[in-house]
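The file run-v9.cif comes next; it holds mmCIF, C-alpha atoms.
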data_run
#
loop_
_atom_site.label_atom_id
_atom_site.label_comp_id
_atom_site.auth_asym_id
_atom_site.auth_seq_id
_atom_site.Cartn_x
_atom_site.Cartn_y
_atom_site.Cartn_z
CA ILE T 284 -65.65 12.18 -64.45
CA SER T 285 -69.09 11.96 -65.95
CA ASN T 286 -71.22 12.56 -62.84
CA MET T 287 -69.20 15.40 -61.45
CA ARG T 288 -71.18 18.43 -62.50
CA ARG T 289 -74.37 17.20 -60.82
CA PHE T 290 -72.68 17.91 -57.50
CA ALA T 291 -71.65 21.46 -58.38
CA THR T 292 -74.79 23.24 -57.25
CA ALA T 293 -74.88 21.34 -53.97
CA THR T 294 -71.26 22.28 -53.38
CA ALA T 295 -72.03 25.95 -54.02
CA LYS T 296 -74.82 25.80 -51.45
CA ALA T 297 -72.39 24.21 -49.01
CA ILE T 298 -69.95 27.09 -49.48
CA VAL T 299 -72.55 29.62 -48.50
CA SER T 300 -74.22 27.62 -45.75
CA ALA T 301 -70.88 26.73 -44.14
CA ASN T 302 -69.78 30.36 -44.14
CA THR T 303 -73.12 31.63 -42.90
CA ALA T 304 -73.83 29.05 -40.24
CA ARG T 305 -70.63 29.46 -38.29
CA ARG T 306 -70.52 33.24 -38.63
CA THR T 307 -74.13 33.96 -37.63
CA PHE T 308 -74.53 36.00 -34.45
CA TYR T 309 -77.50 36.18 -32.14
CA THR T 310 -79.98 38.95 -32.96
CA VAL T 311 -80.65 41.12 -29.89
CA SER T 312 -83.45 43.60 -29.33
CA LYS T 313 -82.57 47.25 -29.60
CA VAL T 314 -82.99 49.24 -26.37
CA THR T 315 -83.35 52.98 -25.92
CA THR T 316 -81.42 53.46 -22.65
CA ARG T 317 -78.16 52.09 -21.40
CA ALA T 318 -79.70 51.15 -18.07
CA ASN T 319 -81.95 48.64 -19.83
CA THR T 320 -79.17 47.16 -21.92
CA GLN T 321 -78.55 43.49 -21.25
CA ALA T 322 -75.58 41.63 -22.69
CA PRO T 323 -76.60 38.99 -25.24
CA ALA T 324 -76.36 35.39 -24.11
CA TYR T 325 -73.36 34.49 -26.25
CA ARG T 326 -71.28 37.17 -24.48
CA LEU T 327 -71.94 35.61 -21.09
CA ALA T 328 -71.39 32.01 -22.02
CA SER T 329 -67.73 30.94 -21.90
CA SER T 330 -64.18 32.18 -22.15
CA LEU T 331 -62.71 32.88 -25.57
CA THR T 332 -60.27 29.99 -25.15
CA GLU T 333 -63.05 27.56 -24.33
CA CYS T 334 -65.18 28.75 -27.25
CA LEU T 335 -62.27 28.44 -29.68
CA ASN T 336 -61.46 24.95 -28.41
CA ASN T 337 -65.08 23.88 -28.85
CA GLU T 338 -65.27 25.32 -32.35
CA ILE T 339 -62.01 23.65 -33.40
CA SER T 340 -63.21 20.30 -32.05
CA GLU T 341 -66.51 20.64 -33.89
CA GLU T 342 -64.81 21.50 -37.18
CA GLN T 343 -62.44 18.56 -36.86
CA ALA T 344 -65.29 16.18 -36.05
CA ASN T 345 -67.29 17.32 -39.08
CA ASN T 346 -64.38 17.21 -41.51
CA GLU T 347 -65.09 14.80 -44.36
CA ILE T 348 -63.24 13.85 -47.52
CA ASP T 349 -64.95 15.13 -50.68
CA GLN T 350 -64.36 12.26 -53.09
CA GLU T 351 -65.67 14.24 -56.06
CA LEU T 352 -63.06 16.92 -55.35
CA VAL T 353 -60.34 14.26 -55.02
CA ASP T 354 -61.29 12.81 -58.41
CA VAL T 355 -61.50 16.08 -60.32
CA GLN T 356 -58.33 17.40 -58.68
CA LYS T 357 -56.39 14.43 -60.04
CA GLN T 358 -57.66 15.24 -63.51
CA VAL T 359 -56.99 18.99 -63.30
CA LEU T 360 -53.47 18.55 -61.93
CA LYS T 361 -52.53 16.41 -64.91
CA THR T 362 -52.27 19.63 -66.91
CA PHE T 363 -52.14 22.42 -64.32
CA LYS T 364 -49.75 23.19 -61.47
CA LEU T 365 -51.51 24.27 -58.28
CA LYS T 366 -50.15 27.25 -56.35
CA GLU T 367 -51.58 28.19 -52.98
CA GLU T 368 -50.39 29.20 -49.53
CA THR T 369 -51.88 28.66 -46.09
CA GLY T 370 -53.28 31.91 -44.78
CA LEU T 371 -54.11 33.28 -48.24
CA GLY T 372 -57.48 33.04 -49.95
CA MET T 373 -56.13 33.31 -53.49
CA VAL T 374 -55.50 30.10 -55.45
CA ARG T 375 -53.67 29.84 -58.81
CA LEU T 376 -53.45 27.18 -61.48
CA VAL T 377 -50.68 27.54 -64.07
CA LYS T 378 -49.86 25.63 -67.26
CA GLN T 379 -48.11 25.97 -70.62
CA HIS T 380 -50.01 25.41 -73.85
CA GLY T 381 -47.57 25.64 -76.73
CA ASP T 382 -46.25 29.21 -76.65
CA GLU T 383 -49.02 30.32 -74.32
CA THR T 384 -48.84 30.72 -70.55
CA ILE T 385 -52.21 30.11 -68.92
CA GLU T 386 -53.11 31.11 -65.37
CA VAL T 387 -56.40 30.54 -63.57
CA GLN T 388 -56.92 32.42 -60.33
CA PHE T 389 -59.74 32.66 -57.83
CA ASP T 390 -60.42 33.80 -54.28
CA VAL T 391 -62.10 31.06 -52.25
CA GLN T 392 -64.28 33.65 -50.48
CA ASP T 393 -65.43 35.35 -53.68
CA VAL T 394 -68.88 33.74 -53.48
CA ASP T 395 -71.43 35.26 -55.83
CA ASP T 396 -75.02 34.64 -56.89
CA ASN T 397 -74.38 35.62 -60.53
CA GLY T 398 -77.19 38.16 -60.50
CA MET T 399 -79.79 35.84 -58.99
CA ASP T 400 -80.90 38.42 -56.39
CA GLU T 401 -81.90 40.86 -59.13
CA MET T 402 -83.70 38.12 -61.06
CA ASN T 403 -85.61 37.06 -57.94
CA GLN T 404 -86.70 40.64 -57.33
CA GLU T 405 -87.91 41.01 -60.91
CA ASP T 406 -90.03 37.87 -60.82
CA GLU T 407 -90.64 36.49 -57.35
CA ASP T 408 -93.25 34.03 -58.62
CA GLU T 409 -90.94 32.27 -61.06
CA GLU T 410 -88.85 29.46 -59.62
CA ILE T 411 -85.20 30.14 -60.40
CA PRO T 412 -82.54 27.44 -59.90
CA ASN T 413 -79.74 28.01 -57.41
CA SER T 414 -76.74 29.68 -59.02
CA MET T 415 -74.39 30.37 -56.15
CA GLY T 416 -70.78 29.94 -57.16
CA ILE T 417 -67.27 31.37 -57.34
CA ASN T 418 -65.88 34.03 -59.64
CA PHE T 419 -62.60 33.15 -61.35
CA GLN T 420 -60.30 34.65 -63.94
CA VAL T 421 -58.33 33.04 -66.76
CA THR T 422 -55.33 34.83 -68.28
CA ILE T 423 -53.82 33.50 -71.51
CA LYS T 424 -50.52 35.20 -72.38
CA LYS T 425 -48.70 34.96 -75.68
CA GLY T 426 -45.81 37.25 -76.43
CA GLY T 427 -46.57 40.46 -74.61
CA ASP T 428 -50.32 40.35 -75.22
CA ALA T 429 -53.00 38.56 -73.22
CA ILE T 430 -56.62 37.50 -73.19
CA VAL T 431 -58.33 37.80 -69.80
CA VAL T 432 -61.52 35.81 -69.28
CA ASN T 433 -63.77 36.59 -66.34
CA ALA T 434 -65.94 33.60 -65.57
CA PHE T 435 -68.29 32.15 -63.00
CA ALA T 436 -68.04 28.61 -61.61
CA SER T 437 -71.43 27.11 -60.78
CA ASP T 438 -73.16 24.01 -62.17
CA ALA T 439 -71.17 24.80 -65.33
CA MET T 440 -68.60 27.34 -66.47
CA ASN T 441 -70.18 30.66 -67.42
CA ILE T 442 -68.11 33.31 -69.20
CA GLN T 443 -68.91 36.88 -68.14
CA ASN T 444 -66.64 38.85 -70.45
CA ILE T 445 -63.35 38.59 -72.36
CA ARG T 446 -60.81 41.39 -72.32
CA PHE T 447 -57.84 41.78 -74.68
CA CYS T 448 -54.73 43.37 -73.15
CA GLU T 449 -51.99 44.67 -75.40
CA ALA T 450 -48.40 44.64 -74.17
CA LYS T 451 -48.19 48.43 -74.35
CA HIS T 452 -51.05 48.66 -71.84
CA ALA T 453 -49.62 46.14 -69.38
CA SER T 454 -48.89 48.81 -66.76
CA LEU T 455 -52.45 50.18 -66.76
CA LYS T 456 -55.07 49.27 -64.17
CA GLU T 457 -57.84 46.87 -65.19
CA GLU T 458 -60.53 49.52 -64.85
CA GLU T 459 -58.75 51.70 -67.41
CA LEU T 460 -58.97 49.05 -70.13
CA TYR T 461 -61.92 48.22 -72.36
CA GLU T 462 -63.36 45.10 -70.74
CA GLY T 463 -65.18 43.83 -73.80
CA PRO T 464 -68.95 43.37 -74.23
CA SER T 465 -71.12 41.30 -71.96
CA PHE T 466 -70.49 37.76 -73.19
CA GLU T 467 -74.16 36.86 -73.40
CA GLU T 468 -74.70 39.69 -75.88
CA LEU T 469 -72.42 38.05 -78.44
CA GLU T 470 -73.77 35.92 -81.28
CA GLU T 471 -74.36 32.36 -80.11
CA SER T 472 -71.94 30.97 -82.70
CA LEU T 473 -69.22 33.27 -81.36
CA GLN T 474 -69.98 32.25 -77.79
CA ALA T 475 -69.72 28.59 -78.75
CA ALA T 476 -66.41 29.21 -80.52
CA PHE T 477 -64.96 30.85 -77.41
CA TYR T 478 -66.04 27.93 -75.23
CA GLU T 479 -64.39 25.53 -77.70
CA TYR T 480 -61.21 27.63 -77.67
CA LEU T 481 -61.05 27.41 -73.89
CA THR T 482 -61.95 23.71 -73.80
CA GLU T 483 -58.94 22.97 -76.02
CA ARG T 484 -56.86 24.48 -73.20
CA ASN T 485 -58.57 22.37 -70.48
CA ILE T 486 -60.63 25.32 -69.29
CA ASP T 487 -64.02 23.65 -69.15
CA ASP T 488 -66.83 22.50 -66.88
CA ASP T 489 -64.54 20.10 -65.01
CA LEU T 490 -62.19 22.96 -64.19
CA SER T 491 -65.20 25.01 -63.14
CA PHE T 492 -66.29 22.26 -60.77
CA PHE T 493 -62.76 22.11 -59.36
CA VAL T 494 -62.83 25.86 -58.67
CA LEU T 495 -66.16 25.46 -56.88
CA ALA T 496 -65.29 22.38 -54.82
CA TYR T 497 -61.72 23.42 -54.04
CA SER T 498 -62.95 26.82 -52.82
CA ARG T 499 -65.22 25.14 -50.31
CA ASP T 500 -62.46 22.78 -49.18
CA LYS T 501 -59.79 25.45 -48.80
CA GLU T 502 -62.15 27.90 -47.13
CA GLN T 503 -62.87 25.20 -44.57
CA ARG T 504 -59.16 24.57 -44.02
CA GLU T 505 -58.44 28.29 -43.76
CA TYR T 506 -61.23 28.71 -41.23
CA THR T 507 -59.80 25.95 -39.06
CA ASN T 508 -56.32 27.45 -39.42
CA TRP T 509 -57.75 30.86 -38.44
CA LEU T 510 -59.27 29.34 -35.31
CA ASN T 511 -55.98 27.70 -34.35
CA LYS T 512 -54.03 30.91 -34.88
CA LEU T 513 -56.46 32.84 -32.70
CA GLN T 514 -56.35 30.11 -30.07
CA ASN T 515 -52.54 30.27 -29.90
CA PHE T 516 -52.51 34.06 -29.87
CA THR T 517 -55.10 34.52 -27.11
CA ALA T 518 -54.12 31.58 -24.89
CA ASP T 519 -52.71 32.35 -21.46
CA LYS T 520 -48.98 31.78 -21.43
#

Kindly return the structure encoded in the file as structure tokens.
Amino acid sequence: ISNMRRFATATAKAIVSANTARRTFYTVSKVTTRANTQAPAYRLASSLTECLNNEISEEQANNEIDQELVDVQKQVLKTFKLKEETGLGMVRLVKQHGDETIEVQFDVQDVDDNGMDEMNQEDEDEEIPNSMGINFQVTIKKGGDAIVVNAFASDAMNIQNIRFCEAKHASLKEEELYEGPSFEELEESLQAAFYEYLTERNIDDDLSFFVLAYSRDKEQREYTNWLNKLQNFTADK
């Protein structure tokens, strides 16, 4: 899927814009006395049932098939088994690699800018490319020990840090364990070797794109499901 990663940044923007656009409320002026308080327009418009019906219809009308997601999903599911459940934001991919058990997990609402806000504040004049994306975690277990890779899915896979978990520490909380150095502080040759290690296990830029595109797709489906559940719950019986 040679052209796939060129769509990654656009997909990340779509994640954020889709979430923001439909969850944006009207801004109302602040008043000092209750007597002068006037209800904002959106509170006077229509019944909840009517608003939910309109929103559901609009979401269904705008629903489109993401062919890039369809293509990369076929490739990813050749080696991984997908585990997800309607109503939950967490998605898991599981596979066996020799005597290793590999699990990739991500929350479709865990949208991040990978530190871009801080970079923009430091140098507002410098044009910085969009880096919105999704955080995800890779756990590679062998015996009782495990390697845990925290990564960021954007226009490419970006490793944040790699933690080693011994079997004897399995019951401890993540924050109690040494999380390893910041990945970008490692020698470049060591960084490259880690990327190669993960690529051999099909944890690569294509998987990163899948995490990004699938997050947008599932978040959209979950939003529509959320609307339907609210509609059923609040409807007059």

**Message:** Applying the PyMOL selection byres ((chain T and resi 424-430) around 10) to the file I just gave you, which residues come out? Please list them as a PyMOL selection string.
**Reply:** chain T and resi 379-386+421-423+431-433+445-453

**Request:** Run the PyMOL selection byres ((chain T and resi 370) around 12) against the file shown and list the residues it catches, as a PyMOL selection string.
**Result:** chain T and resi 367-369+371-374+391+501-512

Store the residues picked out above in a file with C-alpha atoms, as a compact mmCIF listing (two decimals), in the coordinates of the input.
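Saved the output as again15.txt:
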# COMPACT_ATOMS: atom_id res chain seq x y z
CA GLU T 367 -51.58 28.19 -52.98
CA GLU T 368 -50.39 29.20 -49.53
CA THR T 369 -51.88 28.66 -46.09
CA LEU T 371 -54.11 33.28 -48.24
CA GLY T 372 -57.48 33.04 -49.95
CA MET T 373 -56.13 33.31 -53.49
CA VAL T 374 -55.50 30.10 -55.45
CA VAL T 391 -62.10 31.06 -52.25
CA LYS T 501 -59.79 25.45 -48.80
CA GLU T 502 -62.15 27.90 -47.13
CA GLN T 503 -62.87 25.20 -44.57
CA ARG T 504 -59.16 24.57 -44.02
CA GLU T 505 -58.44 28.29 -43.76
CA TYR T 506 -61.23 28.71 -41.23
CA THR T 507 -59.80 25.95 -39.06
CA ASN T 508 -56.32 27.45 -39.42
CA TRP T 509 -57.75 30.86 -38.44
CA LEU T 510 -59.27 29.34 -35.31
CA ASN T 511 -55.98 27.70 -34.35
CA LYS T 512 -54.03 30.91 -34.88

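For the point (-65.5, 23.4, -57.8) in file coordinates, the residues within 9 Å, using only C-alpha atoms, are Arg288, Ala291, Thr294, Ala295, Leu352, Val355, Gly416, Ile417, Ala436, Ser437, Asp438, Asp489, Leu490, Ser491, Phe492, Phe493, Val494, Leu495, Ala496, Tyr497, Ser498 and Arg499 of chain T.
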
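The gap separating CA of Gln392 in chain T from CA of Glu333 in chain T is 26.9 Å, in Å to one decimal.
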
Expected axis-aligned box over every listed atom of range 415-430 of chain T, 5 Å added per side, centre plus edges in Å to one decimal, as JSON:
{"center_x": -60.1, "center_y": 35.2, "center_z": -66.3, "size_x": 38.6, "size_y": 20.5, "size_z": 30.3}

**Asked** Pick from T:Asp519, T:Ile339, T:Asp354, T:Gln443: nearest to Phe477 in chain T, with all atoms listed in the file counted?
**Response** T:Gln443

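Taking CA of Leu473 in chain T and CA of Asn441 in chain T as the two end points, the separation is 14.2 Å.
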
**Item:** Separation of CA of Tyr480 in chain T from CA of Ile442 in chain T, in Å and rounded to one decimal
**Value:** 12.3 Å

**Message:** Can you tell me which residues surround Val377 in chain T at a distance of at most 7 Å, considering only C-alpha atoms, apart from same-chain residues fewer than 2 positions away, and format the answer as a list in words?
**Reply:** Phe363, Lys364, Leu365, Arg375, Ile385, Glu386 and Val387 of chain T

**Request:** Identify which of the residues T:Glu338, T:Asn345, T:Asn444, T:Gln420 lies closest to Ile486 in chain T, counting all atoms listed in the file when measuring atom-to-atom distances.
**Result:** T:Gln420

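Residue nearest Glu483 in chain T, chosen from T:Thr362, T:Gln356, T:Asn337, T:Gln388 and counting all atoms listed in the file: T:Thr362.
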
**Prompt:** Which residue out of T:Ser330, T:Asp349, T:Met440, T:Leu335 has the minimum interatomic distance to Leu513 in chain T when only C-alpha atoms are used?
**Reply:** T:Leu335

**Fill in**
Of T:Val394, T:Ala434, T:Lys361, T:Leu331, the one sitting nearest Asp488 in chain T when using all atoms listed in the file is T:Ala434
